[in-house]
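Here's the structure, in structure tokens; my notes come after.
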Amino acid sequence: AWQAWWDFRYRRAFGFPWDRLSCFYTTFSRSTFLWSRRTFIRTETTCCYEFGSLTRTQPVSGFASPYHRFVDPFNYGRYTADPQNFCCSGNDAESCSLFYRRRPAIGCEDYRPVNLCWGYGDPHMQTADGTKYTFNGRGEYILIRGAGNTFAMQSRTVPAVGSNATVFSAFVMAAFPSGTTENFALETPLYGIVHVELKGNDSLVAYVRENSTAAWSNLTARYEALSAEDVLDVFGSLVSRPVAGELVIRYSEGMSVTVTVKTGLITAVFAGPDEQKSNETRGLLGVWDDDTLNDFTARDGTVVPLNATDRLIHNDFGQTWQVSANESLFYYPDGKEPADFAFPNHVPPFIDELDLSAITDPQLISACGNDPVCLYDGIQTGSVEVAAQTRQTETANLEQVEQLDNFPPTISGNDTIIAFLNQSLTYTFTVFDPDDTVTVTLNGIPPPASDFTLTSSGNRHSFTWTPLSLSPVSLVFIANDSAGASAQLHPLVRLCGCRLDLNATCADADEDSGGANRFLVQTCQCGSGWDGPICDQNEDGCADFECFVGVECIDNPPPYSGARCGPCPTGSVRANSSERCVDINECQEGISGCAQLCENLPLLSFTCGCRSGFVINSDGKSCDDVNECLTSRPCHQICTNTDGSFKCSCDEGFRLDSDNATCIANEACTLSSCLQRCALIKGVKTCFCRPGFQLQSDGETCLDIDECANSRDNNCDQSCLNRNGSFVCNCTSGFKLNTDGHTCDDVNECLLSLSDCSPGQLCVNTEGSFRCQCPAGTSFVNGSCQVIVLPPTPTPLAVTASASSAPTGVPTPSASIQEGLVAVTIQNLTLAEFNATQFARAIEEAFLNHCNTPSAPCTESNSRKRRNTLVVDVVIVSVIETASSGLKVTFYVSTTGRIFSADLVANSLTSANSTATLKSFGFTVTQIQVVNPPAPTTSGTPTPTEKKGLTDAEIVGIVAGVVGGVVFLIMLSIVIYWIAQSKKSVKVIPVDGDQELKLIRASKKSSPAASS
């Protein structure tokens, strides 16, 4: 990272934690060869360093963008920054990989550091090729002039206080098109001219102008307002202020100048890329061609030897590079000109002519040691502080050069580590650095130190690790040289935690990069019959296996997969050789016994029906004829019943009309006394009436028949409305009339959204109406359904006795039920998730397992039945959701003629086996409570009281008690008989308000899979 830090062709991208990740981007777009596209493109390149070393690990690596954040910020944000944030900020490795395919990471394979040269202190120089010397000329000089005059940097020196030695006071720089003449003052620069000079002892002042004819403007205020993250565009060059007292100018050609003020002195460092290197460069910073022998080349081409005296170097080399009026780029205050800063005859003191051994100042000797440059500056300026600053500047510049020239070690190894849980592995990698010693450390998120070792043998390093958990790790191997340069190897860890011994295999998507930590737990592909995250759980073959209704599903144990079904119930047969039961179609098989019609039902049954004109007999199979002539009035005059139908006929002199029911006269007549109609019968005129009317005794008038007065005359289901000569059927509220005009069907107000239930209430359709009720475990309070919340209860699993009353809203059970009530608290379960049938099965299995132990008093002492034939019912009385504990379920367990005691049931649930049974059904019980514990008995002998006989009231009470007990036993026997006859039934008994009491009888199958 130090190369990027000191190379001003790059700028630091802020917002990253320096100790873990730092990124730098190219100050200007550069030409980059993209291997993925096999072409050069102009890009902004971003390089990121993790733990100080370059990383190419997604999503923290750098990338190349065709848009520069300062040149084209809109497109950079739209097509680079926003997509990177969208694709790589989360855990979507595939999207992040897609981003890096479009914006590939750029390595440092082609990186070449910049060359540094500088001038500082009482001017001390280091040329571009690394030659050091001191030049104390006074005036304005050309520090460096690029090949083809493409770049010029000039310096101004003034006498040090109290000495003939000189110090830098100003620098000016500009870039020019190729082919520019040496008369820079007359040429037009590419990016303007920047002049920087010392102001006081600790600040800089800057001026800028676009070209040699434009006016100068003061840049100081804008420069000083810059933060470390800001840049200032000055006619195409970029000015920044990394720290106070430092000004950096960057040019798109890769060159930069850093001007710094410290202790009243300013220094300048010129940095240039190899592309600017040429044997045509000239100036006080020498010829830049990697040949130090020609560094002291004078303006006329004469070369002064490197071992020449300081005086000869001053006269024959340095003074030749004084700036002429046509060359000067400097800013001049009013009334000043280049001639005012020209002192060609100035003769300074020379280091090699001074006796530095005669120096006796202990502070100066302590600050400088034997450094002649430091001692010289101390003597000439009379300041130990200036001398120390000279030495510090020289040391810092040399360290900067070393860090720029120092390339990090090379570290290489496999990009992926395949690891298996609880199995040891050894990962080897190599590290090379021919010029330095290297230390290797493990960073990132390493495993516990006790789980791994890191050893080395020469260039070969070994990492031995035994993964003991699936916790994430990030293995970043860092190779550091003695100068602080580092390289990293960050392999992708693919950790397999699958049970390979149970035939499981590990797999993951090839494009999954494991995110920033480069770590992923591989998914498991389980062997036959196994399931779970690591394939160590028995696969529930019944989960996706459907047996016939009422048939038990039996899971196949590993290594077999799938499931099988129990015996087929009556009314079904096994389908070929499969595990499925298919319904027997009694109608097709001709075994139904139906007299006329047969309809097969999907649930192991069928129903018989009859053709029109017949009705099913009480035996459910045979059909009886319907005498329509008795049940209705289908005919006008004469009705004759037939088998399955009827036949209408007419009296003498009449015939049937086209409807085959109405009679009309064979020969009509006119008789004024007939109220309705007249027929000529055997020559006699006779009055008769229309259908729906009856001829009166006078033989002429007709009176309406009130069909509604006699059910025989109408076939209405519910209500009948008489009309003149007819009638219509109506239905009561909650019903609608069918298209046949006489039957009524219930209106489902819930389905048609005709109810007025409050929000949260359930609409339950009833015959002719509906009712609103709250879900189980809630009550209707203040206009809405609210969960019944009980105070928190203790969490340890223990049997406790409590005299608390039954939950509010639940009717008080009988005394025998009261004695059997048990309440359990289930953790991590809501009312919506509670499966009552599954819970009843779990309790039943736990209870019967307990009853199969010899000491369990589950059967009567005189019972001849074996214990394993015991059949029990689990009846849930209430389910209430509590605020903190989960669900509180109150229930009792009964068998034919008996309700088991709460103590017996509670004790059966406290064993380890019972706890495991309940958990296998998905119920974690944290408390078991006897709801109504027996009252404690009083110890001691009661004092008898003398009683001579019973009072009349006592006799009446005893008789009433005996009678009431007999009645109670009879009713209890009926209820028990009714319960015993039901199978797997859920009955809903309405109680007060909108609540329901659900009585749930458990299945006689105890397997958790029996719910299929």
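Identifiers in the structure tokens: chain A, B, ... in order shown; residue index from 1 per chain; ligand index from 1 in order shown.
For Lys736 (chain A), the non-local neighbours within 10 Å, defined as residues at least 3 positions apart in the same chain or in other chains and counting only C-alpha atoms, are A:Asn730, A:Cys731, A:Thr732, A:Ser733, A:Thr739, A:Thr743, A:Cys744, A:Asp745, A:Asp746, A:Val747, A:Gly768.
Taking only C-alpha atoms, the non-local environment of Phe693 (chain A) within 8 Å (same-chain residues fewer than 4 positions away omitted) comprises Cys689, Cys702, Leu703, Asp704, Ile705 and Gly725 of chain A.
When the distance limit is 8 Å and only C-alpha atoms are what count, the residues near region 420-422 of chain A, minus those fewer than 3 positions from it on the same chain, are Thr466, Pro467, Leu468, Ser469, Leu470, Leu495, Cys496, Gly497 and Cys498 of chain A.
Across A:Glu246, A:Glu700, A:Glu881, A:Asp310, the tightest approach to Ser779 (chain A) is made by A:Glu881 when counting only C-alpha atoms.
Shell of Leu630 (chain A) at 10 Å, with only C-alpha atoms counted and residues fewer than 2 places along the chain excluded, is Val626, Asn627, Glu628, Ser632, Arg633, Pro634, Cys639, Thr640, Asn641, Arg712 and Asp713 of chain A.
By only C-alpha atoms, and with residues fewer than 2 positions from Ile616 (chain A) along its chain excluded, the set lying at most 10 Å from it is Cys594, Ala595, Gln596, Leu597, Cys608, Gly609, Cys610, Arg611, Phe614, Ser618, Asp619, Gly620, Lys621, Ser622, Cys623, Asp624, Asp625 and Val626 of chain A.
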Apply DSSP to the structure's backbone, then extract all residues of region 192-412 of chain A labelled helix (DSSP H, G or I) and return them as a ChimeraX atom specification. /A:220-224,274-276,292-294,310-316,318-321,338-341,351-353,356-358,362-368,372-381,384-405
From a DSSP calculation on the backbone, collect every residue of region 31-265 of chain A in strand (DSSP E) and output the set as a PyMOL selection string. chain A and resi 31-34+39-50+53-54+63-65+115-120+124-126+132-134+139-145+151-159+166-175+193-199+203-209+217-218+232-234+237-240+246-250+256-262+265
Give me, as JSON, numbers by chain, all polymer residues having an atom no more than 8 Å from region 354-357 of chain A, counting only C-alpha atoms and skipping those fewer than 4 positions away in the same chain. {"A": [349, 350, 372, 375, 376]}
Suppose we keep C-alpha atoms; can you now write the selection as an mmCIF file, in the first residue's frame?
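Contents of selection.cif, freshly written:
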```cif
data_model
loop_
_atom_site.group_PDB
_atom_site.id
_atom_site.type_symbol
_atom_site.label_atom_id
_atom_site.label_comp_id
_atom_site.auth_asym_id
_atom_site.auth_seq_id
_atom_site.Cartn_x
_atom_site.Cartn_y
_atom_site.Cartn_z
ATOM 1 C CA PRO A 349 30.320 28.978 1.184
ATOM 2 C CA PHE A 350 31.063 25.442 -0.043
ATOM 3 C CA PRO A 372 27.827 16.957 6.559
ATOM 4 C CA LEU A 375 26.097 20.259 9.910
ATOM 5 C CA TYR A 376 26.432 22.678 6.985
#
```
Which residues come within 9 Å of region 889-905 of chain A, counting only C-alpha atoms, excluding same-chain residues fewer than 4 positions away, as a short mmCIF file (atom, residue, chain, number, x, y, z; two decimals) with N, CA, C and O atoms, in the first residue's frame?
```
data_model
loop_
_atom_site.label_atom_id
_atom_site.label_comp_id
_atom_site.auth_asym_id
_atom_site.auth_seq_id
_atom_site.Cartn_x
_atom_site.Cartn_y
_atom_site.Cartn_z
N VAL A 799 -43.86 -30.95 38.42
CA VAL A 799 -45.28 -31.12 38.74
C VAL A 799 -45.60 -30.24 39.93
O VAL A 799 -44.99 -30.38 40.99
N ALA A 806 -60.73 -22.58 36.92
CA ALA A 806 -60.70 -22.80 35.47
C ALA A 806 -60.62 -21.48 34.76
O ALA A 806 -61.04 -20.45 35.27
N SER A 816 -65.79 -35.16 38.58
CA SER A 816 -64.84 -36.18 38.15
C SER A 816 -63.86 -35.63 37.12
O SER A 816 -62.68 -35.98 37.12
N ILE A 817 -64.35 -34.76 36.25
CA ILE A 817 -63.45 -34.13 35.27
C ILE A 817 -62.50 -33.17 35.98
O ILE A 817 -61.32 -33.09 35.67
N GLN A 818 -63.04 -32.43 36.98
CA GLN A 818 -62.20 -31.50 37.74
C GLN A 818 -60.99 -32.21 38.33
O GLN A 818 -59.87 -31.70 38.33
N GLU A 819 -61.21 -33.42 38.85
CA GLU A 819 -60.13 -34.16 39.48
C GLU A 819 -59.10 -34.65 38.46
O GLU A 819 -57.98 -35.02 38.84
N GLY A 820 -59.45 -34.69 37.20
CA GLY A 820 -58.52 -35.18 36.18
C GLY A 820 -57.86 -34.10 35.35
O GLY A 820 -57.06 -34.40 34.47
N LEU A 821 -58.18 -32.82 35.62
CA LEU A 821 -57.65 -31.74 34.79
C LEU A 821 -56.15 -31.53 35.03
O LEU A 821 -55.70 -31.40 36.16
N VAL A 822 -55.42 -31.50 33.92
CA VAL A 822 -53.98 -31.23 33.93
C VAL A 822 -53.72 -30.09 32.95
O VAL A 822 -54.31 -30.05 31.86
N ALA A 823 -52.84 -29.16 33.34
CA ALA A 823 -52.46 -28.05 32.46
C ALA A 823 -50.97 -28.14 32.16
O ALA A 823 -50.17 -28.31 33.08
N VAL A 824 -50.60 -28.04 30.88
CA VAL A 824 -49.19 -28.03 30.50
C VAL A 824 -48.90 -26.73 29.76
O VAL A 824 -49.77 -26.18 29.07
N THR A 825 -47.69 -26.23 29.96
CA THR A 825 -47.24 -25.02 29.27
C THR A 825 -46.26 -25.43 28.17
O THR A 825 -45.27 -26.11 28.44
N ILE A 826 -46.57 -25.02 26.93
CA ILE A 826 -45.75 -25.39 25.76
C ILE A 826 -44.98 -24.16 25.31
O ILE A 826 -45.57 -23.10 25.06
N ILE A 843 -49.91 -36.75 23.82
CA ILE A 843 -50.25 -37.06 25.22
C ILE A 843 -50.63 -38.53 25.35
O ILE A 843 -50.24 -39.23 26.29
N GLU A 844 -51.43 -39.01 24.37
CA GLU A 844 -51.88 -40.41 24.43
C GLU A 844 -50.68 -41.36 24.38
O GLU A 844 -50.60 -42.31 25.19
N PHE A 847 -48.72 -41.21 27.66
CA PHE A 847 -49.47 -41.82 28.76
C PHE A 847 -49.47 -43.35 28.64
O PHE A 847 -49.25 -44.07 29.62
N ALA A 856 -47.41 -48.88 37.02
CA ALA A 856 -48.35 -47.80 36.73
C ALA A 856 -49.78 -48.27 36.98
O ALA A 856 -50.23 -49.27 36.41
N PRO A 857 -50.56 -47.56 37.83
CA PRO A 857 -51.94 -47.95 38.18
C PRO A 857 -52.94 -47.46 37.14
O PRO A 857 -53.83 -46.68 37.45
N CYS A 858 -52.78 -47.89 35.89
CA CYS A 858 -53.64 -47.36 34.83
C CYS A 858 -54.93 -48.17 34.68
O CYS A 858 -55.89 -47.69 34.07
N LEU A 870 -55.35 -51.13 26.40
CA LEU A 870 -56.01 -49.95 26.95
C LEU A 870 -56.22 -48.90 25.86
O LEU A 870 -55.31 -48.59 25.10
N VAL A 871 -57.45 -48.39 25.78
CA VAL A 871 -57.78 -47.34 24.81
C VAL A 871 -58.20 -46.10 25.60
O VAL A 871 -59.06 -46.19 26.47
N VAL A 872 -57.56 -44.98 25.30
CA VAL A 872 -57.83 -43.76 26.06
C VAL A 872 -58.24 -42.65 25.11
O VAL A 872 -57.94 -42.68 23.92
N ASP A 873 -58.91 -41.66 25.71
CA ASP A 873 -59.28 -40.44 25.00
C ASP A 873 -58.61 -39.26 25.69
O ASP A 873 -58.59 -39.19 26.93
N VAL A 874 -58.06 -38.34 24.90
CA VAL A 874 -57.49 -37.09 25.44
C VAL A 874 -58.44 -35.97 25.06
O VAL A 874 -58.67 -35.72 23.87
N VAL A 875 -59.02 -35.33 26.05
CA VAL A 875 -60.04 -34.30 25.83
C VAL A 875 -59.46 -32.95 26.21
O VAL A 875 -59.08 -32.74 27.37
N ILE A 876 -59.34 -32.06 25.24
CA ILE A 876 -58.79 -30.72 25.49
C ILE A 876 -59.93 -29.80 25.92
O ILE A 876 -60.93 -29.66 25.21
N VAL A 877 -59.76 -29.17 27.07
CA VAL A 877 -60.80 -28.29 27.61
C VAL A 877 -60.57 -26.85 27.18
O VAL A 877 -61.50 -26.15 26.81
N SER A 878 -59.30 -26.38 27.18
CA SER A 878 -59.03 -24.99 26.78
C SER A 878 -57.59 -24.87 26.30
O SER A 878 -56.71 -25.63 26.71
N VAL A 879 -57.36 -23.90 25.39
CA VAL A 879 -56.03 -23.55 24.91
C VAL A 879 -55.91 -22.04 24.99
O VAL A 879 -56.68 -21.31 24.36
N ILE A 880 -54.96 -21.56 25.78
CA ILE A 880 -54.83 -20.12 26.03
C ILE A 880 -53.39 -19.71 25.73
O ILE A 880 -52.44 -20.36 26.18
N GLU A 881 -53.23 -18.64 24.96
CA GLU A 881 -51.90 -18.12 24.64
C GLU A 881 -51.50 -17.11 25.70
O GLU A 881 -52.19 -16.11 25.92
N LEU A 909 -46.11 -37.81 32.45
CA LEU A 909 -45.50 -36.88 31.49
C LEU A 909 -44.15 -36.36 31.94
O LEU A 909 -43.52 -35.60 31.21
N GLN A 929 -48.95 -29.04 35.39
CA GLN A 929 -49.66 -28.54 36.58
C GLN A 929 -50.93 -29.32 36.80
O GLN A 929 -51.71 -29.55 35.87
N VAL A 930 -51.12 -29.78 38.04
CA VAL A 930 -52.40 -30.37 38.44
C VAL A 930 -53.34 -29.21 38.76
O VAL A 930 -53.09 -28.43 39.69
N VAL A 931 -54.42 -29.09 38.00
CA VAL A 931 -55.28 -27.90 38.12
C VAL A 931 -56.02 -27.88 39.46
O VAL A 931 -56.09 -26.85 40.14
N ASN A 932 -56.57 -29.02 39.88
CA ASN A 932 -57.36 -29.06 41.12
C ASN A 932 -56.79 -30.15 42.03
O ASN A 932 -57.30 -31.28 42.06
N PRO A 933 -55.75 -29.85 42.79
CA PRO A 933 -55.17 -30.86 43.68
C PRO A 933 -56.16 -31.22 44.79
O PRO A 933 -56.98 -30.39 45.20
N LEU A 972 -74.20 -40.16 32.96
CA LEU A 972 -72.78 -40.36 32.71
C LEU A 972 -72.53 -41.58 31.84
O LEU A 972 -71.69 -41.59 30.93
N SER A 973 -73.32 -42.67 32.07
CA SER A 973 -73.18 -43.88 31.25
C SER A 973 -73.52 -43.60 29.80
O SER A 973 -72.87 -44.07 28.87
N ILE A 976 -70.63 -41.59 28.28
CA ILE A 976 -69.46 -42.44 28.04
C ILE A 976 -69.70 -43.36 26.85
O ILE A 976 -68.82 -43.59 26.00
N TYR A 977 -70.91 -43.90 26.73
CA TYR A 977 -71.22 -44.76 25.59
C TYR A 977 -71.11 -43.98 24.29
O TYR A 977 -70.58 -44.46 23.31
N ILE A 979 -69.28 -41.31 23.70
CA ILE A 979 -67.86 -41.03 23.41
C ILE A 979 -67.17 -42.26 22.84
O ILE A 979 -66.39 -42.20 21.89
N ALA A 980 -67.47 -43.43 23.43
CA ALA A 980 -66.83 -44.67 22.96
C ALA A 980 -67.20 -44.99 21.53
O ALA A 980 -66.44 -45.63 20.81
#
```
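Closest approach to Val438 (chain A) from the set A:Pro348, A:Gly413, A:Pro408, A:Gly562 is made by A:Pro408, with distances taken over only C-alpha atoms.
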